[in-house]
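What follows is one structure encoded as C-alpha cells, with my remarks underneath.
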Amino acid sequence: MGDAALNLAVPAPHTATDWPLRLAQQAFAQVIEAPAALDRFAASGRRQAARQALSALSVDDRGPLERWLALQLVTAAAERARDALASLAGVDALLTAAVRAQLARTAAAFSRAGGRLQPVA
C-alpha cells in the first residue's frame, strides 16, 4: 500500500488562511439555523457577526462560502430554507443573490449523489 493510501485517515493540517472561512461558516450557521426563534436584538447581533465575518473573507473564500450556504439550504426542509434565505438577505443582498444562483447547481449535484431534495423558492 502506498503512502497516499496510508495517509487518507490523517487530517490535513489547517493553516491560518483557513480560519476566516471557518469563522464565516460558523457565523452564517447561527444566522440560518434558527432565524425565527430569536428576538430582534439577538438576531441583529448574529447578523452583525456574520457581516463582520464576511468582510474578513478574501475573494477566494467567498465562492466556497456561497457553495456551503447553498448546500445548507438544499439539504434543509423547504420552509426552513425559505426562512434561512430571508435571514441571509438581512446580512448581505449580494451574497444572497450569489447563493440563489448556486442553488440549482448544488441541487443537481446533490441529487446525482443520491440525495433527496426539497425545492427552495
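Note on naming: chains are A, B, ... as they come in the C-alpha cells, residues start from 1 per chain, ligands start from 1 in the order shown.
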Practice task
Determine, counting only C-alpha atoms, which protein, DNA and RNA residues have an atom within 10 Å of an atom of segment 66-72 of chain A; residues of the same chain fewer than 6 positions away are not included. Present the result as a ChimeraX atom specification.
Solution key: /A:25,28-29,32-33,81,84-85,88,95-107,109-110
Practice task
Give me every helix (DSSP H, G or I) residue in segment 8-94 of chain A, going by DSSP on the backbone, as an MDAnalysis selection string.
Solution key: chainID A and resid 16:33 40:56 59:74 78:89 93:94
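For the pair atom CA of Arg47 of chain A and atom CA of Leu65 of chain A, the interatomic distance is 15.6 Å.
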Problem - One-decimal distance in Å that lies between atom CA of Gln30 of chain A and atom CA of Ser44 of chain A - result: 11.4 Å
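Shortest separation to Arg46 of chain A among A:Ala27, A:Ala76, A:Ala113, A:Val59 occurs at residue A:Ala27, atoms counted being only C-alpha atoms.
In this structure, atom CA of Leu57 of chain A sits 9.9 Å away from atom CA of Asp18 of chain A.
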